[in-house]
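Enquirer: The following file, input.cif, comprises mmCIF, C-alpha atoms and all ligand atoms:
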data_target
loop_
_atom_site.label_atom_id
_atom_site.label_comp_id
_atom_site.auth_asym_id
_atom_site.auth_seq_id
_atom_site.Cartn_x
_atom_site.Cartn_y
_atom_site.Cartn_z
CA MET A 956 16.43 11.96 165.94
CA THR A 957 18.05 14.36 168.42
CA MET A 958 15.59 16.70 170.08
CA ARG A 959 15.75 19.02 173.06
CA LYS A 960 18.20 16.73 174.71
CA THR A 961 20.70 17.97 177.23
CA ARG A 962 23.72 18.67 175.10
CA SER A 963 26.75 16.74 176.29
CA LEU A 964 29.85 18.66 177.15
CA LEU A 965 31.51 16.91 174.25
CA GLY A 966 28.80 18.06 171.86
CA VAL A 967 29.06 21.65 172.99
CA LEU A 968 32.83 21.52 172.60
CA ALA A 969 32.58 20.02 169.14
CA GLY A 970 30.00 22.64 168.22
CA THR A 971 32.19 25.45 169.42
CA ILE A 972 35.13 24.12 167.41
CA ALA A 973 32.94 23.71 164.34
CA ALA A 974 31.45 27.19 164.74
CA VAL A 975 34.89 28.78 165.11
CA ALA A 976 36.12 26.86 162.08
CA LEU A 977 33.11 28.00 160.06
CA ALA A 978 33.52 31.60 161.12
CA GLY A 979 37.17 31.46 160.29
CA CYS A 980 36.99 29.96 156.82
CA SER A 981 33.79 31.31 155.34
CA GLN A 982 31.97 34.23 156.81
CA GLY A 983 28.77 33.75 154.85
CA ALA A 984 28.48 30.00 154.73
CA PRO A 985 25.68 28.43 156.73
CA ALA A 986 26.38 25.81 159.32
CA GLY A 987 26.42 22.32 157.96
CA GLY A 988 27.78 22.84 154.49
CA THR A 989 27.04 24.56 151.25
CA SER A 990 23.66 25.93 150.35
CA ALA A 991 22.02 27.52 147.37
CA SER A 992 21.41 30.66 149.38
CA ALA A 993 25.14 31.17 149.89
CA ALA A 994 25.52 31.66 146.14
CA PRO A 995 25.36 35.07 144.46
CA ALA A 996 21.84 36.33 143.81
CA THR A 997 20.51 35.24 140.44
CA THR A 998 17.42 35.78 138.40
CA ALA A 999 15.86 33.27 136.06
CA SER A 1000 15.64 35.82 133.29
CA THR A 1001 18.96 37.59 133.58
CA GLY A 1002 21.27 35.11 135.28
CA THR A 1003 23.71 36.21 137.96
CA ILE A 1004 23.24 39.80 139.01
CA GLY A 1005 26.45 39.89 140.90
CA SER A 1006 25.61 40.77 144.48
CA ALA A 1007 26.22 38.10 147.09
CA ALA A 1008 23.55 37.60 149.73
CA PRO A 1009 24.25 39.64 152.90
CA ALA A 1010 26.78 37.78 154.98
CA ALA A 1011 26.11 36.10 158.28
CA THR A 1012 26.99 38.37 161.17
CA ARG A 1013 28.12 35.62 163.50
CA SER A 1014 28.70 31.91 163.72
CA ALA A 1015 25.98 29.34 164.21
CA PRO A 1016 25.08 28.16 167.72
CA PRO A 1017 26.62 24.74 168.44
CA GLU A 1018 23.36 22.80 168.19
CA PHE A 1019 22.91 24.13 164.65
CA ALA A 1020 26.55 23.62 163.69
CA ASN A 1021 26.27 20.04 164.93
CA GLY A 1022 23.01 19.33 163.12
CA GLU A 1023 21.22 18.55 166.38
CA VAL A 1024 18.10 20.65 165.83
CA THR A 1025 14.80 19.12 164.74
CA ILE A 1026 11.84 21.27 163.81
CA ALA A 1027 8.47 19.59 163.33
CA LEU A 1028 6.27 21.00 160.58
CA VAL A 1029 2.67 19.98 161.26
CA ARG A 1030 0.44 20.72 158.28
CA GLN A 1031 -3.28 20.57 157.76
CA LEU A 1032 -3.03 20.41 153.96
CA SER A 1033 -0.33 19.47 151.50
CA SER A 1034 -1.81 19.19 148.02
CA GLY A 1035 -1.97 22.04 145.55
CA ASP A 1036 0.58 24.51 144.19
CA TYR A 1037 0.55 26.81 147.20
CA PHE A 1038 1.30 24.11 149.75
CA GLU A 1039 3.91 22.38 147.57
CA GLN A 1040 5.84 25.61 147.00
CA TRP A 1041 5.58 26.52 150.68
CA LEU A 1042 7.08 23.15 151.67
CA ALA A 1043 9.88 23.49 149.12
CA GLY A 1044 10.84 26.83 150.67
CA ALA A 1045 10.70 25.44 154.20
CA GLN A 1046 12.87 22.48 153.22
CA ALA A 1047 15.40 24.70 151.46
CA GLU A 1048 15.68 26.96 154.52
CA ALA A 1049 16.00 23.95 156.84
CA LYS A 1050 18.82 22.61 154.70
CA SER A 1051 20.51 25.97 154.69
CA LEU A 1052 20.31 26.16 158.51
CA ASN A 1053 21.42 22.54 158.97
CA VAL A 1054 18.12 21.70 160.65
CA LYS A 1055 16.17 18.46 160.36
CA LEU A 1056 12.62 19.23 159.28
CA ASP A 1057 10.11 16.54 160.26
CA VAL A 1058 7.09 17.04 158.02
CA SER A 1059 3.63 15.63 158.65
CA SER A 1060 0.31 16.42 157.01
CA GLY A 1061 -3.25 15.81 158.08
CA ASP A 1062 -4.17 15.81 154.36
CA GLY A 1063 -7.33 17.65 155.25
CA ASN A 1064 -8.15 15.38 158.21
CA ASN A 1065 -8.12 17.71 161.22
CA ASP A 1066 -8.02 14.92 163.80
CA LYS A 1067 -5.00 13.44 162.05
CA GLN A 1068 -3.29 16.83 162.12
CA ALA A 1069 -3.95 17.12 165.88
CA LEU A 1070 -2.50 13.62 166.44
CA ASN A 1071 0.55 14.55 164.38
CA LEU A 1072 1.03 17.60 166.58
CA GLU A 1073 0.74 15.54 169.76
CA GLN A 1074 3.32 13.16 168.36
CA ALA A 1075 5.72 16.05 167.70
CA VAL A 1076 5.24 17.15 171.33
CA ASN A 1077 5.86 13.61 172.63
CA GLN A 1078 9.00 13.36 170.51
CA LYS A 1079 10.19 16.62 172.04
CA ALA A 1080 10.79 18.52 168.84
CA ASP A 1081 13.03 21.52 169.39
CA ALA A 1082 10.35 23.73 167.81
CA ILE A 1083 7.04 23.15 166.06
CA ILE A 1084 5.57 24.99 163.09
CA VAL A 1085 1.81 24.58 162.75
CA ASP A 1086 0.74 25.29 159.18
CA HIS A 1087 -3.01 25.89 158.87
CA GLY A 1088 -5.54 24.07 161.01
CA PHE A 1089 -8.98 24.47 162.49
CA ALA A 1090 -9.01 26.12 165.91
CA ASP A 1091 -11.28 23.51 167.54
CA THR A 1092 -9.08 20.56 166.71
CA ILE A 1093 -5.61 22.05 166.76
CA GLN A 1094 -5.66 24.47 169.69
CA PRO A 1095 -5.78 21.78 172.43
CA ALA A 1096 -2.66 20.17 170.95
CA ILE A 1097 -0.97 23.56 170.53
CA LYS A 1098 -1.64 24.26 174.21
CA LYS A 1099 0.08 20.96 175.12
CA ALA A 1100 3.12 22.03 173.07
CA ALA A 1101 3.18 25.42 174.81
CA ALA A 1102 2.85 23.75 178.23
CA ALA A 1103 5.80 21.51 177.34
CA GLY A 1104 7.84 24.64 176.65
CA ILE A 1105 8.30 23.86 172.96
CA PRO A 1106 8.75 27.00 170.84
CA LEU A 1107 5.85 27.45 168.43
CA VAL A 1108 5.33 29.14 165.10
CA ALA A 1109 1.79 29.33 163.71
CA PHE A 1110 1.01 30.09 160.08
CA ASP A 1111 -2.56 30.68 158.93
CA VAL A 1112 -3.97 29.24 162.13
CA ASP A 1113 -5.16 30.91 165.31
CA PRO A 1114 -2.92 29.20 167.90
CA GLY A 1115 -5.10 30.24 170.83
CA THR A 1116 -2.00 30.91 172.92
CA PRO A 1117 0.16 34.03 173.22
CA GLU A 1118 3.27 31.83 173.32
CA ALA A 1119 3.32 31.26 169.57
CA VAL A 1120 4.92 33.46 166.94
CA VAL A 1121 2.20 34.06 164.35
CA ILE A 1122 3.00 34.48 160.66
CA GLY A 1123 0.48 35.99 158.28
CA GLN A 1124 0.22 37.24 154.71
CA ASP A 1125 -2.17 40.10 155.47
CA ASP A 1126 -5.28 38.39 154.17
CA HIS A 1127 -7.35 41.55 154.38
CA GLN A 1128 -4.93 43.16 151.92
CA ILE A 1129 -5.04 40.07 149.71
CA ALA A 1130 -8.80 40.41 149.38
CA ALA A 1131 -8.85 44.21 149.26
CA LYS A 1132 -6.32 44.53 146.46
CA ALA A 1133 -8.11 41.94 144.32
CA LEU A 1134 -11.46 43.59 144.99
CA ASP A 1135 -10.06 47.01 144.01
CA VAL A 1136 -9.41 45.57 140.55
CA LEU A 1137 -12.83 43.88 140.45
CA LYS A 1138 -14.45 47.18 141.33
CA ALA A 1139 -12.49 49.11 138.70
CA ASP A 1140 -13.33 46.53 136.01
CA THR A 1141 -17.04 46.29 136.83
CA GLY A 1142 -17.59 49.94 137.69
CA GLY A 1143 -18.73 48.76 141.11
CA ALA A 1144 -21.90 47.11 139.80
CA GLY A 1145 -22.81 43.61 138.68
CA GLU A 1146 -23.48 40.04 139.67
CA VAL A 1147 -20.63 38.12 141.27
CA ILE A 1148 -20.04 34.50 142.26
CA TYR A 1149 -18.05 34.13 145.45
CA VAL A 1150 -15.86 31.12 146.31
CA TYR A 1151 -15.36 30.51 150.03
CA VAL A 1152 -15.12 27.74 152.61
CA ALA A 1153 -15.44 28.76 156.26
CA GLY A 1154 -13.04 27.60 158.96
CA PHE A 1155 -9.72 28.24 157.24
CA ALA A 1156 -8.24 31.29 158.99
CA PRO A 1157 -6.91 33.00 155.83
CA LEU A 1158 -10.17 32.47 153.97
CA ASP A 1159 -12.17 33.72 156.97
CA ARG A 1160 -10.11 36.92 157.06
CA ARG A 1161 -10.52 37.43 153.30
CA ASN A 1162 -14.23 36.85 153.82
CA GLU A 1163 -14.37 39.71 156.35
CA THR A 1164 -13.05 42.03 153.65
CA TRP A 1165 -15.54 40.68 151.10
CA GLU A 1166 -18.45 41.22 153.49
CA GLN A 1167 -17.36 44.81 154.09
CA PHE A 1168 -16.79 45.34 150.36
CA LYS A 1169 -20.39 44.31 149.61
CA LYS A 1170 -21.67 46.78 152.21
CA ASP A 1171 -19.53 49.56 150.74
CA ASN A 1172 -20.52 48.69 147.16
CA PRO A 1173 -24.25 47.99 147.07
CA GLY A 1174 -24.11 47.69 143.28
CA ILE A 1175 -22.19 44.43 143.66
CA LYS A 1176 -24.61 41.52 144.06
CA GLN A 1177 -23.40 38.15 145.26
CA VAL A 1178 -25.68 35.74 143.38
CA ALA A 1179 -24.04 32.49 144.47
CA GLN A 1180 -21.55 31.23 147.00
CA ILE A 1181 -19.67 28.05 146.18
CA GLY A 1182 -16.53 26.36 147.49
CA VAL A 1183 -14.88 23.14 148.56
CA VAL A 1184 -11.40 22.36 149.88
CA ASN A 1185 -10.17 18.82 149.30
CA ASN A 1186 -7.45 16.99 147.39
CA SER A 1187 -8.93 18.08 144.06
CA THR A 1188 -10.21 21.52 144.94
CA ALA A 1189 -9.86 23.05 141.47
CA SER A 1190 -11.94 20.43 139.68
CA ALA A 1191 -14.57 20.34 142.42
CA VAL A 1192 -14.88 24.14 142.29
CA ALA A 1193 -15.04 23.98 138.48
CA ASP A 1194 -18.12 21.75 138.69
CA GLN A 1195 -19.78 24.06 141.19
CA ALA A 1196 -18.86 27.17 139.22
CA LYS A 1197 -20.33 25.72 136.04
CA ALA A 1198 -23.65 25.13 137.75
CA ALA A 1199 -23.61 28.60 139.32
CA LEU A 1200 -22.77 30.28 136.00
CA GLN A 1201 -25.51 28.39 134.19
CA ALA A 1202 -28.02 29.42 136.84
CA ASN A 1203 -26.87 33.07 136.73
CA PRO A 1204 -26.24 34.12 133.12
CA ASN A 1205 -25.59 37.79 134.01
CA VAL A 1206 -22.56 37.14 136.20
CA LYS A 1207 -19.60 39.40 135.38
CA ALA A 1208 -17.04 38.26 137.90
CA ILE A 1209 -15.95 35.42 140.16
CA PHE A 1210 -14.14 36.36 143.36
CA ALA A 1211 -12.02 33.31 144.13
CA PRO A 1212 -9.40 34.22 146.74
CA TYR A 1213 -7.33 30.98 146.72
CA ASP A 1214 -5.52 29.81 143.60
CA GLU A 1215 -7.18 26.40 143.54
CA PHE A 1216 -10.54 28.21 143.60
CA ALA A 1217 -9.42 30.55 140.83
CA LYS A 1218 -8.20 27.69 138.65
CA GLY A 1219 -11.56 25.98 139.11
CA ALA A 1220 -13.40 29.16 138.15
CA VAL A 1221 -11.26 29.54 135.03
CA LEU A 1222 -11.97 25.94 133.99
CA ALA A 1223 -15.71 26.49 134.30
CA ILE A 1224 -15.65 29.77 132.37
CA LYS A 1225 -13.61 28.21 129.58
CA GLU A 1226 -15.84 25.15 129.32
CA LEU A 1227 -18.91 27.36 129.04
CA GLY A 1228 -17.29 29.66 126.47
CA LEU A 1229 -17.65 32.72 128.73
CA LYS A 1230 -14.06 34.00 128.63
CA ASP A 1231 -15.05 37.39 127.26
CA LYS A 1232 -17.93 37.86 129.71
CA VAL A 1233 -16.78 36.65 133.12
CA LYS A 1234 -13.49 37.60 134.81
CA VAL A 1235 -11.72 35.96 137.76
CA TYR A 1236 -10.11 37.79 140.70
CA GLY A 1237 -8.00 35.44 142.76
CA ALA A 1238 -5.24 34.98 145.30
CA ASP A 1239 -1.87 33.19 145.34
CA ILE A 1240 0.58 32.51 142.55
CA SER A 1241 2.62 29.64 141.17
CA THR A 1242 4.32 28.93 137.88
CA ALA A 1243 1.25 26.92 136.87
CA ASP A 1244 -1.00 29.83 137.86
CA ILE A 1245 1.11 32.22 135.81
CA GLY A 1246 0.62 29.88 132.86
CA VAL A 1247 -3.16 29.96 133.33
CA MET A 1248 -3.28 33.75 133.74
CA ALA A 1249 -1.08 34.39 130.71
CA GLU A 1250 -3.02 32.04 128.38
CA GLU A 1251 -4.62 33.61 125.31
CA GLY A 1252 -7.83 35.36 126.46
CA SER A 1253 -7.54 34.11 130.04
CA PRO A 1254 -10.38 35.32 132.26
CA TRP A 1255 -8.08 35.30 135.37
CA VAL A 1256 -7.11 38.96 135.31
CA ALA A 1257 -5.76 39.60 138.80
CA THR A 1258 -4.34 37.80 141.79
CA VAL A 1259 -2.79 38.98 145.04
CA ALA A 1260 0.00 36.86 146.39
CA THR A 1261 3.12 36.27 148.37
CA ASP A 1262 5.81 33.90 147.13
CA PRO A 1263 4.75 30.78 149.09
CA SER A 1264 8.28 29.39 149.17
CA ASN A 1265 9.41 32.62 150.83
CA VAL A 1266 6.71 32.20 153.49
CA GLY A 1267 7.91 28.65 154.17
CA ARG A 1268 11.44 29.98 154.55
CA VAL A 1269 10.29 32.64 157.01
CA ALA A 1270 8.49 30.03 159.12
CA VAL A 1271 11.61 27.88 159.44
CA ARG A 1272 13.79 30.91 160.20
CA ALA A 1273 11.38 32.02 162.93
CA ALA A 1274 11.40 28.54 164.47
CA ALA A 1275 15.22 28.40 164.31
CA LEU A 1276 15.49 31.77 166.05
CA LEU A 1277 13.20 30.53 168.81
CA VAL A 1278 15.32 27.40 169.28
CA ALA A 1279 18.38 29.64 169.60
CA LYS A 1280 16.47 31.82 172.10
CA GLU A 1281 16.84 34.84 169.84
CA GLN A 1282 14.43 37.75 169.84
CA VAL A 1283 11.52 37.22 167.39
CA ASP A 1284 8.51 39.49 166.93
CA LYS A 1285 5.30 37.76 168.03
CA ALA A 1286 3.58 38.71 164.76
CA LEU A 1287 5.45 38.43 161.46
CA ASN A 1288 3.91 39.75 158.27
CA VAL A 1289 4.85 38.66 154.77
CA PRO A 1290 3.12 41.27 152.62
CA PRO A 1291 1.35 40.30 149.40
CA ALA A 1292 1.62 41.98 146.01
CA LEU A 1293 -1.01 42.60 143.34
CA ILE A 1294 -0.21 40.71 140.14
CA THR A 1295 -2.34 41.40 137.11
CA ARG A 1296 -2.51 39.44 133.89
CA GLN A 1297 -1.31 42.57 132.13
CA THR A 1298 1.79 42.79 134.36
CA LEU A 1299 2.68 39.21 133.45
CA LEU A 1300 2.19 39.83 129.73
CA ASP A 1301 4.02 43.18 129.73
CA GLY A 1302 6.96 41.72 131.64
CA GLY A 1303 7.10 38.46 129.70
CA ILE A 1304 6.87 36.71 133.08
CA ALA A 1305 6.47 32.97 132.70
CA ASN A 1306 7.41 31.59 136.09
CA VAL A 1307 7.71 32.46 139.78
CA GLU A 1308 11.48 33.08 139.56
CA GLN A 1309 10.91 35.77 136.93
CA LEU A 1310 8.04 37.19 138.96
CA VAL A 1311 10.21 37.50 142.07
CA ALA A 1312 12.91 39.18 139.99
CA ALA A 1313 10.31 41.66 138.73
CA ILE A 1314 8.80 42.22 142.20
CA PRO A 1315 11.72 41.95 144.65
CA ALA A 1316 9.40 42.79 147.58
CA LEU A 1317 8.13 39.20 147.27
CA THR A 1318 11.36 38.17 148.99
CA THR A 1319 11.57 39.26 152.62
CA PRO A 1320 15.06 38.47 153.94
CA ASP A 1321 14.65 40.82 156.88
CA VAL A 1322 11.59 39.02 158.24
CA ALA A 1323 12.98 36.68 160.89
CA ARG A 1324 16.55 37.15 159.69
CA VAL A 1325 18.90 34.58 161.18
CA PRO A 1326 22.13 36.32 162.17
CA TRP A 1327 24.34 33.29 161.60
CA ALA A 1328 23.02 32.60 158.09
CA PRO A 1329 23.24 34.49 154.81
CA ALA A 1330 19.98 36.13 153.73
CA SER A 1331 17.64 33.99 151.65
C1 LIG B 1 -7.46 26.50 152.23
S1 LIG B 1 -6.59 27.88 152.73
C2 LIG B 1 -5.73 28.34 151.31
C3 LIG B 1 -4.90 29.55 151.53
O1 LIG B 1 -3.90 29.30 152.45
C4 LIG B 1 -2.83 30.21 152.21
O2 LIG B 1 -3.06 31.32 152.97
C5 LIG B 1 -2.89 30.53 150.75
O3 LIG B 1 -2.74 31.89 150.51
C6 LIG B 1 -4.20 29.96 150.28
O4 LIG B 1 -4.98 30.90 149.57
#
Show this structure as structure tokens.
Ligand code: SR1

Expert:
Amino acid sequence: MTMRKTRSLLGVLAGTIAAVALAGCSQGAPAGGTSASAAPATTASTGTIGSAAPAATRSAPPEFANGEVTIALVRQLSSGDYFEQWLAGAQAEAKSLNVKLDVSSGDGNNDKQALNLEQAVNQKADAIIVDHGFADTIQPAIKKAAAAGIPLVAFDVDPGTPEAVVIGQDDHQIAAKALDVLKADTGGAGEVIYVYVAGFAPLDRRNETWEQFKKDNPGIKQVAQIGVVNNSTASAVADQAKAALQANPNVKAIFAPYDEFAKGAVLAIKELGLKDKVKVYGADISTADIGVMAEEGSPWVATVATDPSNVGRVAVRAAALLVAKEQVDKALNVPPALITRQTLLDGGIANVEQLVAAIPALTTPDVARVPWAPAS
């Protein structure tokens, strides 16, 4: 593994030659070979739409052309649709940029995540992306990385240092847009079950919006709060939701702003035969989620989401820009979109590729654009 080493004169020379060769033969091709993102834009539903991705505006820096850059991705969680899609996007972008992506996960163990981060610092990664994490456990390790001068990107975690570039999905909007639909459907009155686990930065921000929403809408009564995050979140939440629904027979809605929560809520509603009575307002999207939302009579009527693979791509691009000492905004926002069950049905949308084709704003090529790579 080659990390933050002093580049040898030979390496720089080779890089320069490679970069010139790349620039000369293929303006849009990324360093290090072919990539899916160099191909013309396509949609799953319509096939090729003809326009090539915007070309690179200059050649790759030598360390990228030579494949010498390692970015460590230090994750708190890895199971579930959201995290799997996010990783797939990050890996695709790393491949496109000719970067080695070293992935570790705490698998929900915060101490393990902190150790993984310390290891990335000791191994002198060229940049580190911290994906989720609890402030208490992860901030001390983030501070060590900052002190070592390693460029940092933080997603869905408060890094506790101004050095890091912070990526967010606008969690207040995620909650607010879902709650707008809940309010319209319920007329602003009724009993609601809320799914939440404190400590996860995105869920805490969504919770702030929920707390304000309850104050602004006194007709909405939270009758139960449930929630668990583990390796089988959906089934654990389903068990809790069943108990909460049985104890509260007048519930009209479940606010479940994480797709594993929403899937659990749907399972419980279906098992209790309450599909016509109780609706689910969620967050996030995946092809599996689209399948659940589009099912006959599905109670999951709205979700608010980014394309997680796009967010993973943005994180890797931001880290790459930092390695290259390019200008990067300290706060990067990947805005979410409201997706209703009706939109999916009306558009015949069956997977994330079709969704992104229908809502192009879910792709954000200008967020952390890398000037030596084609847009992805
Ligand atoms: C346990 S935190 C889960 C959330 O992280 C990401 O922000 C996703 O949107 C998901 O809802």

Enquirer: Between A:Ala1130, A:Ala1080, A:Ala1279, A:Leu1227, single out the one closest to ligand LIG 1 (chain B), counting only C-alpha atoms and all ligand atoms.

Expert: A:Ala1130

Enquirer: From the options A:Asn1172, A:Thr1258, A:Thr1319, A:Gln1282, which residue's atoms come nearest to ligand LIG 1 (chain B), counting all atoms listed in the file?

Expert: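 Looking only at the distances to ligand LIG 1 (chain B), the closest residue turns out to be A:Thr1258.
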
Enquirer: Which residues, written as a count of residues only, have at least one atom at most 10 Å from region 1105-1120 of chain A, with all atoms listed in the file counted and residues fewer than 2 positions away on the same chain left out?

Expert: 60

Enquirer: Please determine, counting all atoms listed in the file, which residue among A:Met1248, A:Leu1042, A:Ala1260, A:Val1058 has the shortest atom-to-atom distance to Leu1317 (chain A).

Expert: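 That would be A:Ala1260, the residue with the smallest distance to Leu1317 (chain A).
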
Enquirer: Please report the interatomic distance between CA of Pro1291 (chain A) and CA of Gln1128 (chain A) in Å with one decimal.

Expert: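 Between CA of Pro1291 (chain A) and CA of Gln1128 (chain A) the gap is 7.3 Å.
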
Enquirer: Give me, please, the distance in Å between CA of Gln1195 (chain A) and CA of Thr1092 (chain A), quoted to one decimal.

Expert: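 Those two atoms sit 27.9 Å apart.
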
Enquirer: Write out as a list in words the residues lying within 7 Å of Arg1268 (chain A), counting all atoms listed in the file and excluding same-chain residues fewer than 3 positions away.

Expert: Gly1044, Ala1045, Glu1048, Ser1264, Asn1265, Val1271 and Arg1272 of chain A

Enquirer: Place a sphere of radius 10 Å on (-13.3, 42.4, 139.3) in the file coordinates and name every protein, DNA or RNA residue with an atom inside or on its surface, counting all atoms listed in the file; give the answer as number ranges by chain.

Expert: A: 1133-1145, 1147, 1207-1210, 1233-1237, 1255-1257

Enquirer: Select, counting only C-alpha atoms, all protein, DNA and RNA residues no farther than 8 Å from (-15.0, 30.4, 138.7) in file coordinates, and express the selection as a ChimeraX atom specification.

Expert: /A:1148,1150,1192-1193,1196-1197,1209-1211,1216-1224,1235

Enquirer: Which value, in Å to one decimal, gives the distance between CA of Gln1180 (chain A) and CA of His1127 (chain A)?

Expert: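 Going from CA of Gln1180 (chain A) over to CA of His1127 (chain A) covers 19.0 Å.
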
Enquirer: Between A:Ala1131, A:Ala1199, A:Ile1181, A:Ala1011, which has the minimum distance to Glu1166 (chain A) (counting only C-alpha atoms)?

Expert: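 Residue with the minimum atom-to-atom distance to Glu1166 (chain A): A:Ala1131.
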
Enquirer: Return as AutoDock Vina command-line options the box centre and box size in Å, one decimal, for an axis-aligned box around all listed atoms of ligand LIG 1 (chain B) padded by 8 Å per side.

Expert:
--center_x -5.1 --center_y 29.2 --center_z 151.3 --size_x 20.7 --size_y 21.4 --size_z 19.4

Enquirer: Between A:Glu1039, A:Glu1163, A:Asp1321, A:Asp1194, which one has atoms that come closest to ligand LIG 1 (chain B), using all atoms listed in the file?

Expert: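 Among the listed residues, A:Glu1039 lies closest to ligand LIG 1 (chain B).
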
Enquirer: Ranking A:Glu1250, A:Asp1125, A:Glu1281, A:Asp1244 by minimum distance to ligand LIG 1 (chain B) and counting all atoms listed in the file, which one comes first?

Expert: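 Using all atoms listed in the file, ligand LIG 1 (chain B) sits closest to A:Asp1125.
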
Enquirer: Would you list the contacts of Val1184 (chain A) as a ChimeraX atom specification, taking every protein, DNA or RNA residue within 10 Å and counting all atoms listed in the file, but skipping same-chain residues closer than 6 positions in sequence?

Expert: /A:1032,1063,1151-1153,1155,1191-1192,1215-1216

Enquirer: Please rebuild region 1156-1173 of chain A with N, CA and C atoms and give the result as a CSV table (one decimal), in the coordinates of the input.

Expert:
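So the final result, stored in result05.csv, reads:
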chain,number,residue,atom,x,y,z
A,1156,ALA,N,-8.5,29.9,158.5
A,1156,ALA,CA,-8.2,31.3,159.0
A,1156,ALA,C,-8.0,32.3,157.9
A,1157,PRO,N,-7.1,32.0,156.9
A,1157,PRO,CA,-6.9,33.0,155.8
A,1157,PRO,C,-8.2,33.3,155.0
A,1158,LEU,N,-9.0,32.3,154.7
A,1158,LEU,CA,-10.2,32.5,154.0
A,1158,LEU,C,-11.2,33.2,154.8
A,1159,ASP,N,-11.2,33.0,156.1
A,1159,ASP,CA,-12.2,33.7,157.0
A,1159,ASP,C,-11.8,35.2,157.0
A,1160,ARG,N,-10.5,35.5,157.0
A,1160,ARG,CA,-10.1,36.9,157.1
A,1160,ARG,C,-10.4,37.6,155.7
A,1161,ARG,N,-10.2,36.9,154.6
A,1161,ARG,CA,-10.5,37.4,153.3
A,1161,ARG,C,-12.0,37.6,153.2
A,1162,ASN,N,-12.8,36.7,153.8
A,1162,ASN,CA,-14.2,36.8,153.8
A,1162,ASN,C,-14.7,38.1,154.5
A,1163,GLU,N,-14.0,38.5,155.6
A,1163,GLU,CA,-14.4,39.7,156.4
A,1163,GLU,C,-14.3,40.9,155.4
A,1164,THR,N,-13.2,40.9,154.6
A,1164,THR,CA,-13.0,42.0,153.6
A,1164,THR,C,-14.1,42.0,152.6
A,1165,TRP,N,-14.5,40.8,152.1
A,1165,TRP,CA,-15.5,40.7,151.1
A,1165,TRP,C,-16.9,41.2,151.7
A,1166,GLU,N,-17.2,40.8,152.9
A,1166,GLU,CA,-18.4,41.2,153.5
A,1166,GLU,C,-18.5,42.7,153.6
A,1167,GLN,N,-17.4,43.4,154.0
A,1167,GLN,CA,-17.4,44.8,154.1
A,1167,GLN,C,-17.5,45.4,152.7
A,1168,PHE,N,-16.8,44.8,151.7
A,1168,PHE,CA,-16.8,45.3,150.4
A,1168,PHE,C,-18.2,45.4,149.8
A,1169,LYS,N,-19.0,44.3,150.1
A,1169,LYS,CA,-20.4,44.3,149.6
A,1169,LYS,C,-21.2,45.4,150.2
A,1170,LYS,N,-20.9,45.7,151.5
A,1170,LYS,CA,-21.7,46.8,152.2
A,1170,LYS,C,-21.3,48.1,151.6
A,1171,ASP,N,-20.0,48.3,151.3
A,1171,ASP,CA,-19.5,49.6,150.7
A,1171,ASP,C,-19.9,49.7,149.3
A,1172,ASN,N,-20.2,48.6,148.6
A,1172,ASN,CA,-20.5,48.7,147.2
A,1172,ASN,C,-21.8,48.0,146.9
A,1173,PRO,N,-23.0,48.7,147.2
A,1173,PRO,CA,-24.2,48.0,147.1
A,1173,PRO,C,-24.6,47.6,145.6
